[in-house]
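One structure is given here, and the rest of the page talks about it.
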Amino acid sequence: MSYLMVWCKGLMMGAADIVPGVSGGTLALLLGIYERLIRAIRSVDHHALGMLLRGRFLAAWQHIDGTFLLCLFGGILLSVFVLANGVSWMLLHQPVLLWSLFFGLILAALPPLCMRLRWDRLRLLLLLAGIVLALVIGRLQPVELEPELWMFFVAGAIAICAMILPGISGSFILLLLGMYAPVLLAVTELQLLPLLLFASGCALGLLSFSRLLSCLLARYHDATLALLVGVVIGAMYRVWPWQLAGEPVSWQTYQQSHDSLQLLGALLMALLGIALMQGMLRLERQVASEDISRT
């Protein structure tokens with residue numbers, strides 16, 4: 001895979017991560033890099049550490065698929081820094097158009113992904129289980145609490161698992177745990193101990209959960225992907241263009257508090273999202289075929 005293509009996919013993942021309720025893991029799955037990302041994260045282990053301690057830096061870099069991770073996270077970070085203000089402005093002033101764009105992106109990528117799987121009764125049941133799981137999590141109500149220090153560690157471990165799961169937003173999980181505001185406050189006020197505990201929890205959760213996902217994908221590939229696709233489908237109501245106070249609503253309910261449904265604009269943005277995703281997938285197939293022809 002072209003590393004320029006990986007960087008472009010990182011840009012799309014970064015844009016998704018900016019929007020509350022949209023998971024970068026969703027884009028990773030739909031763009032075909034999810035399994036490689038999980039394998040690369042899982043490879044950050046004692047073997048890589050041993051290579052570093054012995055001075056085998058190149059071997060350690062290759063072991064963790066370092067160039068792939070560098071290009072991907074470079075694209076994510078660039079996207080976050082460059083697009084954060086624009087996406088935040090659209091989320092505040094043009095939410096219907098923004099949600100329509102992401103709705104189109106996800107909608108365009110689901111059919112090709114589903115067609116790559118071998119479906120049977122068990123995998124269809126897992127698909128339905130994923131849909132139900134996403135809907136149940138999405139309907140949970142946030143809690144409020146006064147956090148102890150150890151809660152930052154636990155919140156980091158749980159939230160980072162959600163961040164690499166397609167269809168589930170890590171920030172939403174923090175809201176459910178009642179830890180979104182405390183973590184945000186710790187960041188803004190540079191509270192070092194809570195931040196250190198949160199980061200430690202994230203590191204432990206990321207390394208352990210990536211090993212579990214990698215094992216599941218290796219042993220039960222299509223079944224695991226069927227469950228993850230179900231989670232993505234179940235979470236699509238979160239990117240429904242017409243929302244009030246963060247909750248998807250019908251056209252009629254939305255129109256009671258707004259002058260216009262922006263139907264034309266929403267349709268155009270959804271078509272733009274579909275075109276962007278189709279273009280990315282087509283370009284990837286072209287690059288892959290050229291790589292095969294060279295070999």
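Residues are named by chain letter and number: chains run A, B, ... in the order of the structure tokens, numbers start at 1 in each chain, and ligands are numbered from 1 in the order shown.
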From a DSSP pass on the backbone, collect the residues of region 115-215 of chain A flagged as helix (DSSP H, G or I) and hand them back as a short mmCIF file (atom, residue, chain, number, x, y, z; two decimals) with N, CA, C and O atoms, in the first residue's frame.
data_model
loop_
_atom_site.label_atom_id
_atom_site.label_comp_id
_atom_site.auth_asym_id
_atom_site.auth_seq_id
_atom_site.Cartn_x
_atom_site.Cartn_y
_atom_site.Cartn_z
N MET A 115 -19.35 -6.89 1.18
CA MET A 115 -19.19 -7.85 0.09
C MET A 115 -17.89 -8.64 0.20
O MET A 115 -17.74 -9.69 -0.43
N ARG A 121 -25.13 -17.88 8.73
CA ARG A 121 -26.11 -17.56 9.77
C ARG A 121 -25.45 -16.96 11.01
O ARG A 121 -25.94 -15.99 11.58
N LEU A 122 -24.31 -17.55 11.43
CA LEU A 122 -23.62 -17.05 12.62
C LEU A 122 -23.16 -15.61 12.43
O LEU A 122 -23.32 -14.77 13.32
N ARG A 123 -22.59 -15.31 11.26
CA ARG A 123 -22.08 -13.96 11.03
C ARG A 123 -23.21 -12.95 10.91
O ARG A 123 -23.05 -11.80 11.31
N LEU A 124 -24.34 -13.37 10.39
CA LEU A 124 -25.50 -12.48 10.36
C LEU A 124 -25.99 -12.18 11.77
O LEU A 124 -26.38 -11.05 12.10
N LEU A 125 -25.95 -13.21 12.63
CA LEU A 125 -26.34 -13.00 14.04
C LEU A 125 -25.36 -12.05 14.73
O LEU A 125 -25.76 -11.19 15.52
N LEU A 126 -24.07 -12.20 14.43
CA LEU A 126 -23.07 -11.30 15.00
C LEU A 126 -23.26 -9.88 14.48
O LEU A 126 -23.07 -8.91 15.23
N LEU A 127 -23.64 -9.75 13.22
CA LEU A 127 -23.94 -8.43 12.66
C LEU A 127 -25.08 -7.78 13.44
O LEU A 127 -24.99 -6.61 13.84
N LEU A 128 -26.15 -8.54 13.68
CA LEU A 128 -27.28 -8.02 14.44
C LEU A 128 -26.88 -7.69 15.88
O LEU A 128 -27.32 -6.69 16.45
N ALA A 129 -26.02 -8.54 16.47
CA ALA A 129 -25.55 -8.28 17.83
C ALA A 129 -24.76 -6.98 17.89
O ALA A 129 -24.90 -6.20 18.84
N GLY A 130 -23.95 -6.72 16.87
CA GLY A 130 -23.19 -5.47 16.81
C GLY A 130 -24.10 -4.27 16.70
O GLY A 130 -23.86 -3.23 17.34
N ILE A 131 -25.15 -4.39 15.89
CA ILE A 131 -26.11 -3.29 15.74
C ILE A 131 -26.78 -2.99 17.07
O ILE A 131 -26.88 -1.83 17.50
N VAL A 132 -27.24 -4.05 17.75
CA VAL A 132 -27.91 -3.87 19.05
C VAL A 132 -26.96 -3.28 20.07
O VAL A 132 -27.33 -2.37 20.84
N LEU A 133 -25.71 -3.77 20.09
CA LEU A 133 -24.73 -3.25 21.04
C LEU A 133 -24.51 -1.75 20.87
O LEU A 133 -24.51 -0.99 21.84
N ALA A 134 -24.35 -1.31 19.61
CA ALA A 134 -24.13 0.11 19.34
C ALA A 134 -25.35 0.94 19.74
O ALA A 134 -25.21 2.03 20.31
N LEU A 135 -26.55 0.42 19.47
CA LEU A 135 -27.77 1.16 19.82
C LEU A 135 -27.93 1.27 21.34
O LEU A 135 -28.32 2.32 21.85
N VAL A 136 -27.62 0.18 22.05
CA VAL A 136 -27.75 0.20 23.51
C VAL A 136 -26.76 1.19 24.12
O VAL A 136 -27.11 2.00 24.99
N ILE A 137 -25.50 1.14 23.66
CA ILE A 137 -24.49 2.06 24.19
C ILE A 137 -24.87 3.50 23.87
O ILE A 137 -24.73 4.40 24.71
N GLY A 138 -25.38 3.72 22.66
CA GLY A 138 -25.74 5.07 22.26
C GLY A 138 -26.90 5.66 23.04
O GLY A 138 -27.03 6.88 23.12
N ARG A 139 -27.74 4.80 23.63
CA ARG A 139 -28.90 5.29 24.38
C ARG A 139 -28.62 5.43 25.87
O ARG A 139 -29.49 5.90 26.61
N LEU A 149 -8.59 9.86 42.04
CA LEU A 149 -7.46 9.82 41.11
C LEU A 149 -7.41 8.52 40.32
O LEU A 149 -7.11 8.52 39.12
N TRP A 150 -7.71 7.38 40.98
CA TRP A 150 -7.62 6.10 40.30
C TRP A 150 -8.61 5.99 39.14
O TRP A 150 -8.40 5.22 38.20
N MET A 151 -9.68 6.80 39.19
CA MET A 151 -10.67 6.76 38.12
C MET A 151 -10.11 7.26 36.80
O MET A 151 -10.58 6.87 35.73
N PHE A 152 -9.11 8.14 36.86
CA PHE A 152 -8.50 8.62 35.62
C PHE A 152 -7.80 7.47 34.89
O PHE A 152 -7.85 7.38 33.66
N PHE A 153 -7.15 6.60 35.64
CA PHE A 153 -6.49 5.44 35.05
C PHE A 153 -7.51 4.51 34.40
O PHE A 153 -7.34 4.08 33.25
N VAL A 154 -8.56 4.19 35.13
CA VAL A 154 -9.60 3.29 34.60
C VAL A 154 -10.29 3.91 33.39
O VAL A 154 -10.53 3.24 32.38
N ALA A 155 -10.59 5.21 33.47
CA ALA A 155 -11.24 5.89 32.35
C ALA A 155 -10.36 5.86 31.10
O ALA A 155 -10.85 5.65 29.99
N GLY A 156 -9.07 6.07 31.27
CA GLY A 156 -8.16 6.02 30.13
C GLY A 156 -8.13 4.65 29.49
O GLY A 156 -8.17 4.52 28.26
N ALA A 157 -8.08 3.60 30.32
CA ALA A 157 -8.03 2.24 29.80
C ALA A 157 -9.30 1.88 29.03
O ALA A 157 -9.24 1.22 27.98
N ILE A 158 -10.46 2.32 29.53
CA ILE A 158 -11.72 1.99 28.87
C ILE A 158 -11.93 2.85 27.62
O ILE A 158 -12.31 2.36 26.56
N ALA A 159 -11.65 4.15 27.73
CA ALA A 159 -11.90 5.06 26.62
C ALA A 159 -11.03 4.74 25.43
O ALA A 159 -11.49 4.82 24.28
N ILE A 160 -9.78 4.37 25.65
CA ILE A 160 -8.90 4.09 24.51
C ILE A 160 -9.35 2.84 23.77
O ILE A 160 -9.19 2.73 22.55
N CYS A 161 -9.94 1.88 24.51
CA CYS A 161 -10.50 0.69 23.84
C CYS A 161 -11.63 1.10 22.91
O CYS A 161 -11.76 0.58 21.80
N ALA A 162 -12.46 2.03 23.37
CA ALA A 162 -13.56 2.50 22.53
C ALA A 162 -13.04 3.26 21.32
O ALA A 162 -13.62 3.18 20.23
N MET A 163 -11.94 3.98 21.49
CA MET A 163 -11.42 4.78 20.39
C MET A 163 -10.92 3.92 19.24
O MET A 163 -10.94 4.36 18.09
N GLY A 170 -14.68 7.40 21.73
CA GLY A 170 -14.03 7.40 23.03
C GLY A 170 -14.51 8.55 23.91
O GLY A 170 -14.68 8.38 25.13
N SER A 171 -14.75 9.72 23.30
CA SER A 171 -15.24 10.85 24.07
C SER A 171 -16.64 10.58 24.62
O SER A 171 -16.98 11.00 25.73
N PHE A 172 -17.46 9.84 23.86
CA PHE A 172 -18.79 9.49 24.34
C PHE A 172 -18.71 8.53 25.53
O PHE A 172 -19.48 8.65 26.50
N ILE A 173 -17.76 7.60 25.49
CA ILE A 173 -17.58 6.69 26.61
C ILE A 173 -17.14 7.45 27.86
O ILE A 173 -17.59 7.17 28.98
N LEU A 174 -16.27 8.45 27.68
CA LEU A 174 -15.88 9.29 28.81
C LEU A 174 -17.09 10.02 29.39
O LEU A 174 -17.20 10.18 30.62
N LEU A 175 -17.98 10.47 28.52
CA LEU A 175 -19.21 11.11 29.00
C LEU A 175 -20.04 10.15 29.83
O LEU A 175 -20.55 10.50 30.91
N LEU A 176 -20.19 8.91 29.34
CA LEU A 176 -20.98 7.92 30.06
C LEU A 176 -20.37 7.63 31.43
O LEU A 176 -21.10 7.40 32.41
N LEU A 177 -19.04 7.63 31.50
CA LEU A 177 -18.36 7.33 32.77
C LEU A 177 -18.35 8.54 33.71
O LEU A 177 -17.89 8.42 34.85
N TYR A 180 -15.60 12.87 31.27
CA TYR A 180 -15.24 13.76 30.17
C TYR A 180 -14.82 15.14 30.69
O TYR A 180 -13.75 15.66 30.34
N ALA A 181 -15.64 15.73 31.54
CA ALA A 181 -15.34 17.05 32.09
C ALA A 181 -14.08 17.03 32.97
O ALA A 181 -13.22 17.92 32.83
N PRO A 182 -13.91 16.03 33.87
CA PRO A 182 -12.67 16.00 34.66
C PRO A 182 -11.40 15.86 33.82
O PRO A 182 -10.39 16.50 34.10
N VAL A 183 -11.46 15.02 32.76
CA VAL A 183 -10.29 14.86 31.91
C VAL A 183 -10.01 16.15 31.14
O VAL A 183 -8.86 16.59 31.02
N LEU A 184 -11.07 16.77 30.63
CA LEU A 184 -10.90 18.03 29.91
C LEU A 184 -10.33 19.11 30.84
O LEU A 184 -9.46 19.89 30.43
N LEU A 185 -10.81 19.14 32.08
CA LEU A 185 -10.29 20.11 33.05
C LEU A 185 -8.82 19.85 33.35
O LEU A 185 -8.02 20.79 33.46
N ALA A 186 -8.45 18.57 33.46
CA ALA A 186 -7.06 18.22 33.73
C ALA A 186 -6.15 18.66 32.58
O ALA A 186 -5.02 19.09 32.79
N VAL A 187 -6.67 18.57 31.34
CA VAL A 187 -5.89 19.00 30.17
C VAL A 187 -5.73 20.52 30.17
O VAL A 187 -4.62 21.03 29.97
N THR A 188 -6.83 21.23 30.36
CA THR A 188 -6.77 22.69 30.29
C THR A 188 -5.96 23.30 31.42
O THR A 188 -5.30 24.33 31.24
N LEU A 192 -0.89 17.44 36.22
CA LEU A 192 0.04 16.42 35.74
C LEU A 192 -0.28 15.02 36.25
O LEU A 192 -0.23 14.05 35.49
N LEU A 193 -0.61 14.88 37.53
CA LEU A 193 -0.86 13.54 38.07
C LEU A 193 -2.10 12.89 37.43
O LEU A 193 -2.02 11.73 36.97
N PRO A 194 -3.26 13.57 37.36
CA PRO A 194 -4.40 12.97 36.66
C PRO A 194 -4.09 12.65 35.20
O PRO A 194 -4.50 11.59 34.69
N LEU A 195 -3.35 13.53 34.52
CA LEU A 195 -3.01 13.29 33.13
C LEU A 195 -2.07 12.09 32.98
O LEU A 195 -2.21 11.30 32.04
N LEU A 196 -1.13 11.96 33.90
CA LEU A 196 -0.22 10.82 33.87
C LEU A 196 -0.98 9.51 34.09
O LEU A 196 -0.74 8.52 33.39
N LEU A 197 -1.90 9.52 35.04
CA LEU A 197 -2.70 8.32 35.28
C LEU A 197 -3.58 7.99 34.08
O LEU A 197 -3.72 6.82 33.70
N PHE A 198 -4.18 9.02 33.49
CA PHE A 198 -5.03 8.80 32.32
C PHE A 198 -4.22 8.24 31.16
O PHE A 198 -4.63 7.29 30.49
N ALA A 199 -3.03 8.82 30.91
CA ALA A 199 -2.17 8.35 29.83
C ALA A 199 -1.70 6.92 30.07
O ALA A 199 -1.63 6.10 29.14
N SER A 200 -1.39 6.59 31.33
CA SER A 200 -0.97 5.22 31.67
C SER A 200 -2.10 4.23 31.41
O SER A 200 -1.88 3.13 30.88
N GLY A 201 -3.32 4.62 31.78
CA GLY A 201 -4.48 3.77 31.49
C GLY A 201 -4.68 3.58 30.00
O GLY A 201 -4.98 2.47 29.54
N CYS A 202 -4.51 4.66 29.25
CA CYS A 202 -4.63 4.57 27.79
C CYS A 202 -3.60 3.60 27.22
O CYS A 202 -3.92 2.78 26.35
N ALA A 203 -2.35 3.70 27.69
CA ALA A 203 -1.29 2.83 27.17
C ALA A 203 -1.59 1.37 27.47
O ALA A 203 -1.49 0.50 26.59
N LEU A 204 -1.99 1.08 28.72
CA LEU A 204 -2.31 -0.30 29.09
C LEU A 204 -3.51 -0.81 28.30
O LEU A 204 -3.49 -1.93 27.77
N GLY A 205 -4.57 0.00 28.21
CA GLY A 205 -5.76 -0.42 27.48
C GLY A 205 -5.49 -0.64 26.01
O GLY A 205 -5.97 -1.62 25.41
N LEU A 206 -4.70 0.25 25.41
CA LEU A 206 -4.40 0.14 23.97
C LEU A 206 -3.61 -1.12 23.67
O LEU A 206 -3.95 -1.88 22.75
N LEU A 207 -2.56 -1.37 24.46
CA LEU A 207 -1.70 -2.53 24.18
C LEU A 207 -2.43 -3.85 24.45
O LEU A 207 -2.31 -4.80 23.67
N SER A 208 -3.22 -3.91 25.53
CA SER A 208 -3.91 -5.16 25.86
C SER A 208 -5.09 -5.40 24.92
O SER A 208 -5.29 -6.53 24.44
N PHE A 209 -5.87 -4.38 24.64
CA PHE A 209 -7.05 -4.57 23.80
C PHE A 209 -6.67 -4.84 22.35
O PHE A 209 -7.35 -5.60 21.66
N SER A 210 -5.58 -4.23 21.89
CA SER A 210 -5.13 -4.49 20.51
C SER A 210 -4.69 -5.95 20.37
O SER A 210 -4.88 -6.55 19.31
N ARG A 211 -4.11 -6.53 21.41
CA ARG A 211 -3.73 -7.94 21.37
C ARG A 211 -4.97 -8.82 21.26
O ARG A 211 -4.99 -9.81 20.51
N LEU A 212 -6.02 -8.47 22.02
CA LEU A 212 -7.27 -9.25 21.95
C LEU A 212 -7.88 -9.15 20.56
O LEU A 212 -8.27 -10.18 19.96
N LEU A 213 -7.97 -7.94 20.02
CA LEU A 213 -8.54 -7.77 18.68
C LEU A 213 -7.71 -8.48 17.62
O LEU A 213 -8.26 -9.10 16.71
N SER A 214 -6.39 -8.39 17.73
CA SER A 214 -5.52 -9.05 16.77
C SER A 214 -5.72 -10.56 16.80
O SER A 214 -5.77 -11.22 15.75
N CYS A 215 -5.87 -11.12 18.01
CA CYS A 215 -6.10 -12.56 18.15
C CYS A 215 -7.44 -12.96 17.54
O CYS A 215 -7.54 -13.96 16.82
#
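Every protein, DNA or RNA residue with an atom at most 9 Å from Asp45 (chain A), where only C-alpha atoms count and chain neighbours fewer than 4 positions away do not, is listed here: Ile41, Leu49, Gly50, Ile64 and Leu207 of chain A.
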Selected residues, N, CA and C atoms, written as a CSV table (one decimal), in the first residue's frame, please.
chain,number,residue,atom,x,y,z
A,41,ILE,N,-0.1,-1.8,16.3
A,41,ILE,CA,-0.2,-1.4,17.7
A,41,ILE,C,0.2,-2.6,18.6
A,49,LEU,N,10.9,-3.7,22.4
A,49,LEU,CA,11.7,-3.1,23.5
A,49,LEU,C,13.1,-3.8,23.5
A,50,GLY,N,13.1,-5.1,23.4
A,50,GLY,CA,14.4,-5.8,23.4
A,50,GLY,C,15.3,-5.4,22.3
A,64,ILE,N,7.4,-3.0,14.4
A,64,ILE,CA,6.2,-2.3,14.7
A,64,ILE,C,5.5,-1.6,13.5
A,207,LEU,N,-2.6,-1.4,24.5
A,207,LEU,CA,-1.7,-2.5,24.2
A,207,LEU,C,-2.4,-3.8,24.4
Quick one: contact table of region 149-199 of chain A to region 225-249 of chain A, 12 Å max, nearest atom pair and distance in Å to one decimal per residue, counting only C-alpha atoms, chain and number order, as a tab-separated table?
residue	atom	partner	partner_atom	distance
A:Ala162	CA	A:Val231	CA	11.4
A:Ile164	CA	A:Leu228	CA	11.0
A:Leu165	CA	A:Leu228	CA	7.7
A:Pro166	CA	A:Val232	CA	5.9
A:Gly167	CA	A:Val232	CA	4.3
A:Ile168	CA	A:Ala235	CA	7.1
A:Ser169	CA	A:Ala235	CA	9.5
A:Phe172	CA	A:Arg238	CA	10.9
Q: Rank A:Gly25, A:Arg282, A:Trp61, A:Ile18 by their smallest atom-to-atom distance to Val82 (chain A), using only C-alpha atoms, and report the top residue only.
A: A:Ile18
Q: Just the residues within 12 Å of Leu105 (chain A), please, counting only C-alpha atoms, with nothing from its chain fewer than 3 positions along; format it as an NGL selection string.
A: :A and (12-13 or 15-16 or 22 or 26-27 or 30-31 or 98-102 or 108-111 or 236 or 239 or 269-281)
